[in-house]
>>> print(open('start_30.pdb').read())   # PDB, C-alpha atoms
ATOM      1  CA  MET L  23      -1.492   1.765  -4.724
ATOM      2  CA  PRO L  24      -0.491  -1.562  -6.286
ATOM      3  CA  ARG L  25       0.252  -1.357 -10.052
ATOM      4  CA  TYR L  26       0.603  -4.580 -11.998
ATOM      5  CA  ASP L  27      -1.993  -4.536 -14.796
ATOM      6  CA  ASP L  28      -3.897  -2.080 -17.044
ATOM      7  CA  GLY L  29      -6.619  -1.554 -14.473
ATOM      8  CA  THR L  30      -4.292  -0.898 -11.559
ATOM      9  CA  GLU L  31      -2.168   1.476 -13.739
ATOM     10  CA  TYR L  32      -5.241   3.667 -14.192
ATOM     11  CA  LEU L  33      -6.211   3.346 -10.532
ATOM     12  CA  SER L  34      -2.667   4.271  -9.595
ATOM     13  CA  TYR L  35      -2.741   7.417 -11.760
ATOM     14  CA  TYR L  36      -6.044   8.534 -10.225
ATOM     15  CA  ALA L  37      -4.726   7.786  -6.736
ATOM     16  CA  SER L  38      -1.748  10.042  -7.489
ATOM     17  CA  LEU L  39      -4.207  12.911  -8.011
ATOM     18  CA  VAL L  40      -5.560  12.281  -4.500
ATOM     19  CA  SER L  41      -2.021  12.341  -3.143
ATOM     20  CA  LYS L  42      -1.371  15.685  -4.913
ATOM     21  CA  LYS L  43      -4.564  17.121  -3.456
ATOM     22  CA  ALA L  44      -3.410  16.144   0.049
ATOM     23  CA  GLU L  45      -0.105  17.932  -0.614
ATOM     24  CA  GLU L  46      -1.939  21.053  -1.812
ATOM     25  CA  LEU L  47      -3.933  21.035   1.404
ATOM     26  CA  ASN L  48      -0.773  20.480   3.509
ATOM     27  CA  ILE L  49      -2.119  17.226   4.882
ATOM     28  CA  GLU L  50       0.434  14.799   6.263
ATOM     29  CA  LYS L  51       0.227  11.530   4.350
ATOM     30  CA  LYS L  52       2.085   8.368   3.507
ATOM     31  CA  ASP L  53       1.800   6.724   0.074
ATOM     32  CA  PHE L  54       2.545   3.040  -0.401
ATOM     33  CA  GLU L  55       3.177   2.152  -4.040
ATOM     34  CA  GLY L  56       3.825  -1.041  -5.999
ATOM     35  CA  LYS L  57       5.964  -3.500  -4.052
ATOM     36  CA  GLU L  58       5.695  -1.380  -0.895
ATOM     37  CA  VAL L  59       2.017  -2.338  -0.592
ATOM     38  CA  THR L  60       2.525  -5.288   1.733
ATOM     39  CA  VAL L  61       0.575  -6.267   4.822
ATOM     40  CA  GLY L  62       3.762  -5.864   6.877
ATOM     41  CA  ASN L  63       4.516  -2.303   5.745
ATOM     42  CA  VAL L  64       0.948  -1.077   5.923
ATOM     43  CA  SER L  65       0.151  -2.671   9.298
ATOM     44  CA  LYS L  66       3.358  -1.316  10.825
ATOM     45  CA  PHE L  67       2.505   2.187   9.634
ATOM     46  CA  ILE L  68      -1.053   2.055  10.974
ATOM     47  CA  LYS L  69       0.092   0.817  14.398
ATOM     48  CA  LYS L  70       2.768   3.501  14.618
ATOM     49  CA  LYS L  71       0.983   6.548  13.155
ATOM     50  CA  ASN L  72      -2.690   5.724  13.769
ATOM     51  CA  PRO L  73      -4.020   7.545  10.657
ATOM     52  CA  ASN L  74      -7.667   8.613  10.708
ATOM     53  CA  LEU L  75      -8.244   8.246   6.959
ATOM     54  CA  ILE L  76      -7.121   5.314   4.790
ATOM     55  CA  PHE L  77      -7.528   5.044   1.022
ATOM     56  CA  VAL L  78      -7.106   1.559  -0.414
ATOM     57  CA  ASN L  79      -6.836   1.460  -4.164
ATOM     58  CA  GLY L  80      -6.658  -1.928  -5.844
ATOM     59  CA  HIS L  81      -8.404  -5.248  -5.889
ATOM     60  CA  GLY L  82     -10.720  -6.682  -3.292
ATOM     61  CA  ASP L  83     -13.396  -9.223  -2.500
ATOM     62  CA  ALA L  84     -16.270  -9.592  -0.063
ATOM     63  CA  ASN L  85     -13.972 -10.425   2.851
ATOM     64  CA  TYR L  86     -10.674  -8.750   2.054
ATOM     65  CA  LEU L  87      -8.680  -5.971   0.403
ATOM     66  CA  GLU L  88      -5.552  -6.740  -1.610
ATOM     67  CA  GLY L  89      -2.155  -5.068  -1.897
ATOM     68  CA  ASP L  90       0.605  -5.786  -4.414
ATOM     69  CA  LYS L  91       0.145  -8.835  -6.645
ATOM     70  CA  GLY L  92      -2.780 -10.231  -4.720
ATOM     71  CA  GLU L  93      -1.285 -10.115  -1.212
ATOM     72  CA  ILE L  94      -4.138  -9.721   1.274
ATOM     73  CA  LEU L  95      -3.755  -6.412   3.127
ATOM     74  CA  PHE L  96      -6.809  -6.543   5.388
ATOM     75  CA  SER L  97      -9.254  -9.383   5.916
ATOM     76  CA  THR L  98     -12.310 -10.031   8.047
ATOM     77  CA  ASP L  99     -10.721 -13.060   9.702
ATOM     78  CA  LYS L 100      -7.258 -11.634  10.326
ATOM     79  CA  ASN L 101      -6.500  -7.949  10.900
ATOM     80  CA  ILE L 102      -9.705  -5.972  10.346
ATOM     81  CA  ALA L 103      -9.389  -4.585  13.902
ATOM     82  CA  LEU L 104      -6.515  -2.400  12.654
ATOM     83  CA  LEU L 105      -9.174  -0.280  10.950
ATOM     84  CA  ARG L 106     -11.278   0.275  14.054
ATOM     85  CA  ASP L 107     -12.658   3.857  14.349
ATOM     86  CA  LYS L 108     -11.083   4.846  11.033
ATOM     87  CA  ILE L 109     -12.495   6.225   7.797
ATOM     88  CA  VAL L 110     -11.704   3.877   4.909
ATOM     89  CA  TYR L 111     -12.442   4.394   1.251
ATOM     90  CA  ALA L 112     -11.754   1.207  -0.715
ATOM     91  CA  ARG L 113     -11.742   1.639  -4.483
ATOM     92  CA  ALA L 114     -11.942  -2.120  -4.865
ATOM     93  CA  CYS L 115     -14.544  -4.725  -5.745
ATOM     94  CA  HIS L 116     -17.128  -6.301  -3.468
ATOM     95  CA  ALA L 117     -15.592  -5.250  -0.117
ATOM     96  CA  GLY L 118     -18.815  -3.387   0.669
ATOM     97  CA  LEU L 119     -20.667  -6.696   0.891
ATOM     98  CA  THR L 120     -19.106  -8.032   4.091
ATOM     99  CA  PHE L 121     -15.736  -6.444   4.865
ATOM    100  CA  GLY L 122     -17.089  -2.892   5.176
ATOM    101  CA  LYS L 123     -19.951  -3.970   7.444
ATOM    102  CA  LYS L 124     -17.638  -5.913   9.757
ATOM    103  CA  MET L 125     -15.087  -3.110   9.825
ATOM    104  CA  VAL L 126     -17.551  -0.704  11.448
ATOM    105  CA  GLU L 127     -19.167  -3.155  13.904
ATOM    106  CA  ASN L 128     -19.166  -1.712  17.453
ATOM    107  CA  ASN L 129     -16.978   1.281  16.636
ATOM    108  CA  ASP L 130     -17.196   4.800  15.165
ATOM    109  CA  GLY L 131     -15.452   4.024  11.896
ATOM    110  CA  CYS L 132     -16.900   4.467   8.427
ATOM    111  CA  PHE L 133     -16.366   2.425   5.288
ATOM    112  CA  ILE L 134     -17.115   3.615   1.764
ATOM    113  CA  GLY L 135     -16.668   1.072  -1.009
ATOM    114  CA  TYR L 136     -18.473  -1.161  -3.478
ATOM    115  CA  SER L 137     -20.763  -4.163  -3.201
ATOM    116  CA  THR L 138     -20.245  -4.811  -6.937
ATOM    117  CA  PRO L 139     -17.110  -4.985  -9.097
ATOM    118  CA  PHE L 140     -15.691  -1.467  -9.499
ATOM    119  CA  SER L 141     -15.365  -1.265 -13.279
ATOM    120  CA  PHE L 142     -14.419   1.234 -15.951
ATOM    121  CA  TRP L 143     -13.948   1.463 -19.700
ATOM    122  CA  ILE L 144     -10.530   2.356 -21.081
ATOM    123  CA  ASP L 145      -9.948   3.915 -24.499
ATOM    124  CA  GLU L 146      -7.054   1.865 -25.819
ATOM    125  CA  ARG L 147      -5.939   4.762 -28.041
ATOM    126  CA  ARG L 148      -5.244   6.730 -24.852
ATOM    127  CA  SER L 149      -4.179   3.950 -22.479
ATOM    128  CA  ALA L 150      -0.475   4.884 -22.567
ATOM    129  CA  VAL L 151      -1.399   8.150 -20.862
ATOM    130  CA  PRO L 152      -4.344   7.631 -18.477
ATOM    131  CA  ALA L 153      -4.616  11.417 -17.935
ATOM    132  CA  LYS L 154      -5.692  11.828 -21.582
ATOM    133  CA  ASP L 155      -8.369   9.127 -21.468
ATOM    134  CA  LYS L 156     -11.656  11.047 -21.214
ATOM    135  CA  THR L 157     -13.676   7.831 -21.246
ATOM    136  CA  ALA L 158     -11.955   6.418 -18.157
ATOM    137  CA  ALA L 159     -12.376   9.802 -16.469
ATOM    138  CA  LEU L 160     -16.175   9.385 -16.596
ATOM    139  CA  PHE L 161     -15.804   6.506 -14.117
ATOM    140  CA  LEU L 162     -12.730   7.416 -12.112
ATOM    141  CA  GLU L 163     -13.306  11.127 -11.426
ATOM    142  CA  PRO L 164     -16.499  10.513  -9.417
ATOM    143  CA  SER L 165     -14.661   7.990  -7.272
ATOM    144  CA  ASN L 166     -11.800  10.447  -6.653
ATOM    145  CA  GLU L 167     -14.414  12.943  -5.491
ATOM    146  CA  ILE L 168     -14.887  10.843  -2.337
ATOM    147  CA  MET L 169     -11.275  11.428  -1.302
ATOM    148  CA  PHE L 170     -11.178  15.082  -2.411
ATOM    149  CA  SER L 171     -14.290  15.742  -0.381
ATOM    150  CA  LEU L 172     -12.990  13.918   2.713
ATOM    151  CA  LEU L 173      -9.643  15.727   2.516
ATOM    152  CA  LYS L 174     -11.529  19.038   2.524
ATOM    153  CA  GLY L 175     -13.117  18.030   5.822
ATOM    154  CA  ASN L 176     -16.564  16.983   4.641
ATOM    155  CA  THR L 177     -18.366  14.164   6.415
ATOM    156  CA  THR L 178     -18.342  10.683   4.939
ATOM    157  CA  SER L 179     -22.015  11.082   4.069
ATOM    158  CA  VAL L 180     -21.385  14.314   2.117
ATOM    159  CA  ALA L 181     -18.367  12.763   0.365
ATOM    160  CA  ASN L 182     -20.466   9.796  -0.722
ATOM    161  CA  GLU L 183     -23.300  12.038  -1.939
ATOM    162  CA  LYS L 184     -20.959  14.339  -3.879
ATOM    163  CA  SER L 185     -19.431  11.338  -5.612
ATOM    164  CA  LYS L 186     -22.846   9.929  -6.497
ATOM    165  CA  LYS L 187     -23.913  13.345  -7.844
ATOM    166  CA  LYS L 188     -20.870  13.326 -10.151
ATOM    167  CA  MET L 189     -21.878   9.863 -11.328
ATOM    168  CA  THR L 190     -25.434  10.945 -12.152
ATOM    169  CA  ASP L 191     -24.061  14.058 -13.916
ATOM    170  CA  ASN L 192     -21.829  11.784 -15.990
ATOM    171  CA  MET L 193     -24.720   9.414 -16.741
ATOM    172  CA  ASN L 194     -26.737  12.399 -18.031
ATOM    173  CA  LYS L 195     -23.706  13.480 -20.074
ATOM    174  CA  VAL L 196     -23.442   9.992 -21.578
ATOM    175  CA  LEU L 197     -27.160   9.969 -22.429
ATOM    176  CA  LYS L 198     -26.640  13.178 -24.404
ATOM    177  CA  MET L 199     -23.654  11.573 -26.171
ATOM    178  CA  GLN L 200     -25.849   8.627 -26.995
ATOM    179  CA  ASP L 201     -28.410  10.967 -28.569
ATOM    180  CA  LYS L 202     -25.579  12.212 -30.760
ATOM    181  CA  LYS L 203     -24.787   8.583 -31.688
ATOM    182  CA  GLU L 204     -21.440   8.566 -29.845
ATOM    183  CA  PRO L 205     -20.118   5.015 -30.346
ATOM    184  CA  GLY L 206     -19.985   3.045 -27.095
ATOM    185  CA  ALA L 207     -22.064   5.443 -25.002
ATOM    186  CA  MET L 208     -24.669   2.825 -24.026
ATOM    187  CA  GLY L 209     -21.906   0.528 -22.776
ATOM    188  CA  TRP L 210     -20.503   3.334 -20.639
ATOM    189  CA  LEU L 211     -23.925   3.942 -19.097
ATOM    190  CA  ASP L 212     -24.210   0.282 -17.989
ATOM    191  CA  ILE L 213     -20.970   0.468 -16.078
ATOM    192  CA  LEU L 214     -21.614   3.886 -14.558
ATOM    193  CA  TRP L 215     -24.927   2.583 -13.276
ATOM    194  CA  ASN L 216     -23.336  -0.500 -11.741
ATOM    195  CA  ASN L 217     -20.694   1.597  -9.956
ATOM    196  CA  PHE L 218     -23.397   4.028  -8.807
ATOM    197  CA  GLU L 219     -25.671   1.360  -7.414
ATOM    198  CA  GLY L 220     -22.824  -0.637  -5.924
ATOM    199  CA  GLN L 221     -21.235   2.271  -4.028
ATOM    200  CA  VAL L 222     -22.100   1.834  -0.357
ATOM    201  CA  ILE L 223     -21.398   3.549   2.927
ATOM    202  CA  HIS L 224     -21.349   1.635   6.223
ATOM    203  CA  GLY L 225     -20.990   2.928   9.758
ATOM    204  CA  ASN L 226     -20.548   6.489  10.960
ATOM    205  CA  SER L 227     -21.893   8.715   8.178
ATOM    206  CA  GLY L 228     -21.074  11.804  10.248
ATOM    207  CA  ALA L 229     -17.367  10.998  10.533
ATOM    208  CA  SER L 230     -14.906  13.496   9.109
ATOM    209  CA  PHE L 231     -11.148  13.671   8.640
TER     210      PHE L 231
ATOM    211  CA  MET V   8     -39.959 -22.197 -13.611
ATOM    212  CA  SER V   9     -39.258 -25.416 -15.544
ATOM    213  CA  GLU V  10     -35.686 -26.234 -16.504
ATOM    214  CA  GLU V  11     -36.535 -25.809 -20.183
ATOM    215  CA  ARG V  12     -38.021 -22.342 -19.625
ATOM    216  CA  GLN V  13     -35.043 -21.340 -17.461
ATOM    217  CA  ASN V  14     -32.610 -22.471 -20.168
ATOM    218  CA  LYS V  15     -34.527 -20.505 -22.802
ATOM    219  CA  LYS V  16     -34.505 -17.438 -20.578
ATOM    220  CA  ASN V  17     -30.749 -17.724 -19.894
ATOM    221  CA  SER V  18     -30.065 -18.155 -23.579
ATOM    222  CA  GLY V  19     -32.170 -15.063 -24.391
ATOM    223  CA  VAL V  20     -30.312 -13.023 -21.771
ATOM    224  CA  LYS V  21     -26.964 -14.131 -23.177
ATOM    225  CA  GLU V  22     -28.041 -13.158 -26.715
ATOM    226  CA  LEU V  23     -29.116  -9.734 -25.488
ATOM    227  CA  VAL V  24     -25.817  -9.145 -23.699
ATOM    228  CA  LEU V  25     -23.844 -10.318 -26.748
ATOM    229  CA  ALA V  26     -25.837  -7.965 -28.999
ATOM    230  CA  ARG V  27     -25.032  -5.054 -26.691
ATOM    231  CA  LEU V  28     -21.326  -5.952 -26.582
ATOM    232  CA  ASN V  29     -21.197  -6.319 -30.359
ATOM    233  CA  VAL V  30     -22.025  -2.657 -30.898
ATOM    234  CA  MET V  31     -19.108  -1.484 -28.734
ATOM    235  CA  PRO V  32     -16.292   0.057 -30.807
ATOM    236  CA  PRO V  33     -13.155  -2.158 -30.860
ATOM    237  CA  ASN V  34     -10.853   0.425 -29.257
ATOM    238  CA  TYR V  35     -12.477   0.165 -25.817
ATOM    239  CA  LYS V  36     -11.400  -2.234 -23.085
ATOM    240  CA  LEU V  37     -13.307  -2.931 -19.886
ATOM    241  CA  SER V  38     -11.527  -3.216 -16.548
ATOM    242  CA  VAL V  39     -13.744  -5.531 -14.506
ATOM    243  CA  GLY V  40     -12.571  -5.366 -10.925
ATOM    244  CA  ASN V  41     -10.378  -8.296  -9.931
ATOM    245  CA  ARG V  42     -10.969 -10.151 -13.150
ATOM    246  CA  GLY V  43      -8.741  -8.023 -15.366
ATOM    247  CA  THR V  44      -9.061  -5.793 -18.417
ATOM    248  CA  PHE V  45     -10.755  -7.178 -21.499
ATOM    249  CA  THR V  46     -11.142  -6.200 -25.141
ATOM    250  CA  LYS V  47     -14.573  -6.361 -26.748
ATOM    251  CA  ASP V  48     -13.731  -9.709 -28.369
ATOM    252  CA  GLU V  49     -12.505 -11.144 -25.073
ATOM    253  CA  LEU V  50     -15.685  -9.987 -23.321
ATOM    254  CA  ILE V  51     -17.794 -11.674 -26.008
ATOM    255  CA  GLU V  52     -15.743 -14.863 -25.663
ATOM    256  CA  HIS V  53     -16.224 -14.970 -21.874
ATOM    257  CA  VAL V  54     -19.980 -14.432 -22.211
ATOM    258  CA  LYS V  55     -20.231 -17.178 -24.842
ATOM    259  CA  LYS V  56     -18.273 -19.588 -22.615
ATOM    260  CA  GLY V  57     -20.420 -18.690 -19.618
ATOM    261  CA  ASP V  58     -17.410 -18.699 -17.281
ATOM    262  CA  GLU V  59     -17.150 -16.606 -14.097
ATOM    263  CA  THR V  60     -16.023 -13.476 -15.946
ATOM    264  CA  GLY V  61     -18.792 -13.956 -18.495
ATOM    265  CA  SER V  62     -21.383 -14.384 -15.736
ATOM    266  CA  GLN V  63     -20.111 -11.242 -14.058
ATOM    267  CA  ILE V  64     -20.557  -9.270 -17.293
ATOM    268  CA  VAL V  65     -24.048 -10.704 -17.817
ATOM    269  CA  ASN V  66     -25.011  -9.799 -14.233
ATOM    270  CA  MET V  67     -23.802  -6.229 -14.680
ATOM    271  CA  GLN V  68     -25.689  -5.795 -17.936
ATOM    272  CA  MET V  69     -28.853  -7.325 -16.523
ATOM    273  CA  ASN V  70     -28.633  -5.092 -13.484
ATOM    274  CA  PHE V  71     -28.571  -2.098 -15.824
ATOM    275  CA  ILE V  72     -31.414  -3.396 -17.994
ATOM    276  CA  ARG V  73     -33.551  -3.966 -14.870
ATOM    277  CA  ALA V  74     -32.882  -0.381 -13.754
ATOM    278  CA  LEU V  75     -33.756   0.880 -17.222
ATOM    279  CA  THR V  76     -36.998  -1.071 -17.600
ATOM    280  CA  SER V  77     -38.210  -0.516 -14.022
ATOM    281  CA  GLY V  78     -37.783   3.264 -14.316
ATOM    282  CA  LYS V  79     -35.211   3.295 -11.503
ATOM    283  CA  LEU V  80     -32.491   4.694 -13.765
ATOM    284  CA  ILE V  81     -34.609   7.595 -15.051
ATOM    285  CA  GLU V  82     -35.910   8.317 -11.538
ATOM    286  CA  THR V  83     -32.311   8.521 -10.270
ATOM    287  CA  LEU V  84     -31.175  10.722 -13.135
ATOM    288  CA  ASN V  85     -34.080  13.130 -12.658
ATOM    289  CA  GLN V  86     -33.435  13.664  -8.934
TER     290      GLN V  86
END
>>> encode(input="start_30.pdb", output="structure tokens")
Amino acid sequence: MPRYDDGTEYLSYYASLVSKKAEELNIEKKDFEGKEVTVGNVSKFIKKKNPNLIFVNGHGDANYLEGDKGEILFSTDKNIALLRDKIVYARACHAGLTFGKKMVENNDGCFIGYSTPFSFWIDERRSAVPAKDKTAALFLEPSNEIMFSLLKGNTTSVANEKSKKKMTDNMNKVLKMQDKKEPGAMGWLDILWNNFEGQVIHGNSGASF
Amino acid sequence: MSEERQNKKNSGVKELVLARLNVMPPNYKLSVGNRGTFTKDELIEHVKKGDETGSQIVNMQMNFIRALTSGKLIETLNQ
């Protein structure tokens, strides 16, 4: 969970809800936050503890996932083998294009992520307290559903479908807001659609945590 | 498509995207993946400049408009 700009602050808050859910379910976990999110720390932990489920929350690109301040955590040409046979959800841009496909080549792992930029609107009047921003929640709650669902033991396929269902529910909600002339609703719909269409699953869709 | 027609088309697309951004209330900011978080005015500026962030915004809007006009959006929402 890197946190160094507005976007990552929100992502960090929503990731903290996933961490709380794991605690509620008595699931052993390790959170890396801010400056702790380095390739050294994360790689060392994976080699030592061999976790089955990994949630990466930050920035990414077609061939890599980033940690704190742009440090590359995992890349297709360096350490992708660390993620062999694992379930990875990457709330990051574009990693579904190449990284996710390569991660699951010749193994039983599963990657859920995005082939587009993962984007969301923020209501500036609420940005000091992300929990109170109902606009951002329209985009970020469906993505959290992937982790909630996986933590409850659902398969990767079910987790992906549940998240997409939340997105379509929110798109229908936004359409109703638009009918009531809610300012900005059409802009929200654009972004929800892009996240919906860009969310991809690669590899073992029957994998569970 | 000739270069002139392509330029006209690109210009029309940009105008459409700018019109859609203009109706956004000023208190909303968009977090666009790796590119950062932008106010409405900053989004408009990037689209006008046609830089990488602007192109990304145009692509996202066009993707939505294609889904809307092809019926794919409504089909998905009615499932």
>>> closest_atom_pairs(input="start_30.pdb", of="chain V", to="chain L", cutoff="12 Å", atoms="all atoms listed in the file", output="JSON lines")
{"residue": "V:Val24", "atom": "CA", "partner": "L:Gly209", "partner_atom": "CA", "distance": 10.5}
{"residue": "V:Leu25", "atom": "CA", "partner": "L:Gly209", "partner_atom": "CA", "distance": 11.7}
{"residue": "V:Ala26", "atom": "CA", "partner": "L:Gly209", "partner_atom": "CA", "distance": 11.2}
{"residue": "V:Arg27", "atom": "CA", "partner": "L:Gly209", "partner_atom": "CA", "distance": 7.5}
{"residue": "V:Leu28", "atom": "CA", "partner": "L:Gly209", "partner_atom": "CA", "distance": 7.5}
{"residue": "V:Asn29", "atom": "CA", "partner": "L:Gly206", "partner_atom": "CA", "distance": 10.0}
{"residue": "V:Val30", "atom": "CA", "partner": "L:Gly206", "partner_atom": "CA", "distance": 7.2}
{"residue": "V:Met31", "atom": "CA", "partner": "L:Gly206", "partner_atom": "CA", "distance": 4.9}
{"residue": "V:Pro32", "atom": "CA", "partner": "L:Gly206", "partner_atom": "CA", "distance": 6.0}
{"residue": "V:Pro33", "atom": "CA", "partner": "L:Glu146", "partner_atom": "CA", "distance": 8.9}
{"residue": "V:Asn34", "atom": "CA", "partner": "L:Glu146", "partner_atom": "CA", "distance": 5.3}
{"residue": "V:Tyr35", "atom": "CA", "partner": "L:Asp145", "partner_atom": "CA", "distance": 4.7}
{"residue": "V:Lys36", "atom": "CA", "partner": "L:Ile144", "partner_atom": "CA", "distance": 5.1}
{"residue": "V:Leu37", "atom": "CA", "partner": "L:Trp143", "partner_atom": "CA", "distance": 4.4}
{"residue": "V:Ser38", "atom": "CA", "partner": "L:Phe142", "partner_atom": "CA", "distance": 5.3}
{"residue": "V:Val39", "atom": "CA", "partner": "L:Ser141", "partner_atom": "CA", "distance": 4.7}
{"residue": "V:Gly40", "atom": "CA", "partner": "L:Pro139", "partner_atom": "CA", "distance": 4.9}
{"residue": "V:Asn41", "atom": "CA", "partner": "L:His81", "partner_atom": "CA", "distance": 5.4}
{"residue": "V:Arg42", "atom": "CA", "partner": "L:Pro139", "partner_atom": "CA", "distance": 9.0}
{"residue": "V:Gly43", "atom": "CA", "partner": "L:Gly29", "partner_atom": "CA", "distance": 6.9}
{"residue": "V:Thr44", "atom": "CA", "partner": "L:Gly29", "partner_atom": "CA", "distance": 6.3}
{"residue": "V:Phe45", "atom": "CA", "partner": "L:Trp143", "partner_atom": "CA", "distance": 9.4}
{"residue": "V:Thr46", "atom": "CA", "partner": "L:Glu146", "partner_atom": "CA", "distance": 9.1}
{"residue": "V:Lys47", "atom": "CA", "partner": "L:Trp143", "partner_atom": "CA", "distance": 10.5}
{"residue": "V:Thr60", "atom": "CA", "partner": "L:Pro139", "partner_atom": "CA", "distance": 11.0}
{"residue": "V:Gln63", "atom": "CA", "partner": "L:Pro139", "partner_atom": "CA", "distance": 8.5}
{"residue": "V:Ile64", "atom": "CA", "partner": "L:Ile213", "partner_atom": "CA", "distance": 9.8}
{"residue": "V:Val65", "atom": "CA", "partner": "L:Asp212", "partner_atom": "CA", "distance": 11.0}
{"residue": "V:Asn66", "atom": "CA", "partner": "L:Asn216", "partner_atom": "CA", "distance": 9.8}
{"residue": "V:Met67", "atom": "CA", "partner": "L:Asn216", "partner_atom": "CA", "distance": 6.5}
{"residue": "V:Gln68", "atom": "CA", "partner": "L:Asp212", "partner_atom": "CA", "distance": 6.3}
{"residue": "V:Met69", "atom": "CA", "partner": "L:Asp212", "partner_atom": "CA", "distance": 9.0}
{"residue": "V:Asn70", "atom": "CA", "partner": "L:Asn216", "partner_atom": "CA", "distance": 7.2}
{"residue": "V:Phe71", "atom": "CA", "partner": "L:Asp212", "partner_atom": "CA", "distance": 5.4}
{"residue": "V:Ile72", "atom": "CA", "partner": "L:Asp212", "partner_atom": "CA", "distance": 8.1}
{"residue": "V:Arg73", "atom": "CA", "partner": "L:Asp212", "partner_atom": "CA", "distance": 10.7}
{"residue": "V:Ala74", "atom": "CA", "partner": "L:Trp215", "partner_atom": "CA", "distance": 8.5}
{"residue": "V:Leu75", "atom": "CA", "partner": "L:Asp212", "partner_atom": "CA", "distance": 9.6}
{"residue": "V:Lys79", "atom": "CA", "partner": "L:Trp215", "partner_atom": "CA", "distance": 10.5}
{"residue": "V:Leu80", "atom": "CA", "partner": "L:Trp215", "partner_atom": "CA", "distance": 7.9}
{"residue": "V:Ile81", "atom": "CA", "partner": "L:Asn194", "partner_atom": "CA", "distance": 9.7}
{"residue": "V:Glu82", "atom": "CA", "partner": "L:Thr190", "partner_atom": "CA", "distance": 10.8}
{"residue": "V:Thr83", "atom": "CA", "partner": "L:Thr190", "partner_atom": "CA", "distance": 7.5}
{"residue": "V:Leu84", "atom": "CA", "partner": "L:Thr190", "partner_atom": "CA", "distance": 5.8}
{"residue": "V:Asn85", "atom": "CA", "partner": "L:Thr190", "partner_atom": "CA", "distance": 8.9}
{"residue": "V:Gln86", "atom": "CA", "partner": "L:Thr190", "partner_atom": "CA", "distance": 9.0}
>>> atom_distance(input="start_30.pdb", atom1="atom CA of Phe77 of chain L", atom2="atom CA of Ala112 of chain L")
6.0 Å
>>> closest_residue(input="start_30.pdb", among="L:His224, L:Lys174, L:Lys42, L:Lys69", to="Lys123 of chain L", atoms="all atoms listed in the file")
L:His224
>>> atom_distance(input="start_30.pdb", atom1="atom CA of Ser165 of chain L", atom2="atom CA of Gly220 of chain L")
12.0 Å
>>> resolve_selection(input="start_30.pdb", expression="the PyMOL selection byres ((chain L and resi 102) around 12)", output="ChimeraX atom specification")
/L:61,65,68,85-87,94-101,103-108,110,120-127,131,133
>>> resolve_selection(input="start_30.pdb", expression="the PyMOL selection byres ((chain L and resi 58) around 12)", output="list in words")
Met23, Pro24, Arg25, Lys52, Asp53, Phe54, Glu55, Gly56, Lys57, Val59, Thr60, Val61, Gly62, Asn63, Val64, Ser65, Lys66, Phe67, Gly89, Asp90, Lys91, Glu93 and Leu95 of chain L
>>> atom_distance(input="start_30.pdb", atom1="atom CA of Asn182 of chain L", atom2="atom CA of Val222 of chain L")
8.1 Å
>>> closest_residue(input="start_30.pdb", among="L:Lys195, L:Lys188, L:Lys71, L:Lys51", to="Leu162 of chain L", atoms="only C-alpha atoms")
L:Lys188
>>> closest_residue(input="start_30.pdb", among="L:Ile168, L:Ala159, L:Ile49, L:Leu75", to="Leu33 of chain L", atoms="all atoms listed in the file")
L:Ala159
>>> build_atoms(input="start_30.pdb", residues="segment 82-92 of chain L", atoms="N, CA and C atoms", output="PDB file, keeping the file's coordinate frame")
ATOM      1  N   GLY L  82     -10.122  -6.255  -4.551  1.00  0.00           N
ATOM      2  CA  GLY L  82     -10.720  -6.682  -3.292  1.00  0.00           C
ATOM      3  C   GLY L  82     -11.734  -7.783  -3.517  1.00  0.00           C
ATOM      4  N   ASP L  83     -12.307  -8.250  -2.428  1.00  0.00           N
ATOM      5  CA  ASP L  83     -13.396  -9.223  -2.500  1.00  0.00           C
ATOM      6  C   ASP L  83     -14.281  -9.008  -1.274  1.00  0.00           C
ATOM      7  N   ALA L  84     -15.310  -9.825  -1.140  1.00  0.00           N
ATOM      8  CA  ALA L  84     -16.270  -9.592  -0.063  1.00  0.00           C
ATOM      9  C   ALA L  84     -15.608  -9.529   1.308  1.00  0.00           C
ATOM     10  N   ASN L  85     -14.576 -10.326   1.520  1.00  0.00           N
ATOM     11  CA  ASN L  85     -13.972 -10.425   2.851  1.00  0.00           C
ATOM     12  C   ASN L  85     -12.577  -9.851   2.988  1.00  0.00           C
ATOM     13  N   TYR L  86     -12.042  -9.268   1.925  1.00  0.00           N
ATOM     14  CA  TYR L  86     -10.674  -8.750   2.054  1.00  0.00           C
ATOM     15  C   TYR L  86     -10.352  -7.651   1.034  1.00  0.00           C
ATOM     16  N   LEU L  87      -9.239  -6.966   1.319  1.00  0.00           N
ATOM     17  CA  LEU L  87      -8.680  -5.971   0.403  1.00  0.00           C
ATOM     18  C   LEU L  87      -7.261  -6.400   0.088  1.00  0.00           C
ATOM     19  N   GLU L  88      -6.873  -6.261  -1.182  1.00  0.00           N
ATOM     20  CA  GLU L  88      -5.552  -6.740  -1.610  1.00  0.00           C
ATOM     21  C   GLU L  88      -4.538  -5.612  -1.764  1.00  0.00           C
ATOM     22  N   GLY L  89      -3.258  -5.976  -1.628  1.00  0.00           N
ATOM     23  CA  GLY L  89      -2.155  -5.068  -1.897  1.00  0.00           C
ATOM     24  C   GLY L  89      -1.467  -5.471  -3.182  1.00  0.00           C
ATOM     25  N   ASP L  90      -0.140  -5.485  -3.192  1.00  0.00           N
ATOM     26  CA  ASP L  90       0.605  -5.786  -4.414  1.00  0.00           C
ATOM     27  C   ASP L  90       0.470  -7.261  -4.786  1.00  0.00           C
ATOM     28  N   LYS L  91       0.224  -7.489  -6.065  1.00  0.00           N
ATOM     29  CA  LYS L  91       0.145  -8.835  -6.645  1.00  0.00           C
ATOM     30  C   LYS L  91      -0.688  -9.814  -5.824  1.00  0.00           C
ATOM     31  N   GLY L  92      -1.831  -9.346  -5.373  1.00  0.00           N
ATOM     32  CA  GLY L  92      -2.780 -10.231  -4.720  1.00  0.00           C
ATOM     33  C   GLY L  92      -2.536 -10.506  -3.245  1.00  0.00           C
TER      34      GLY L  92
END
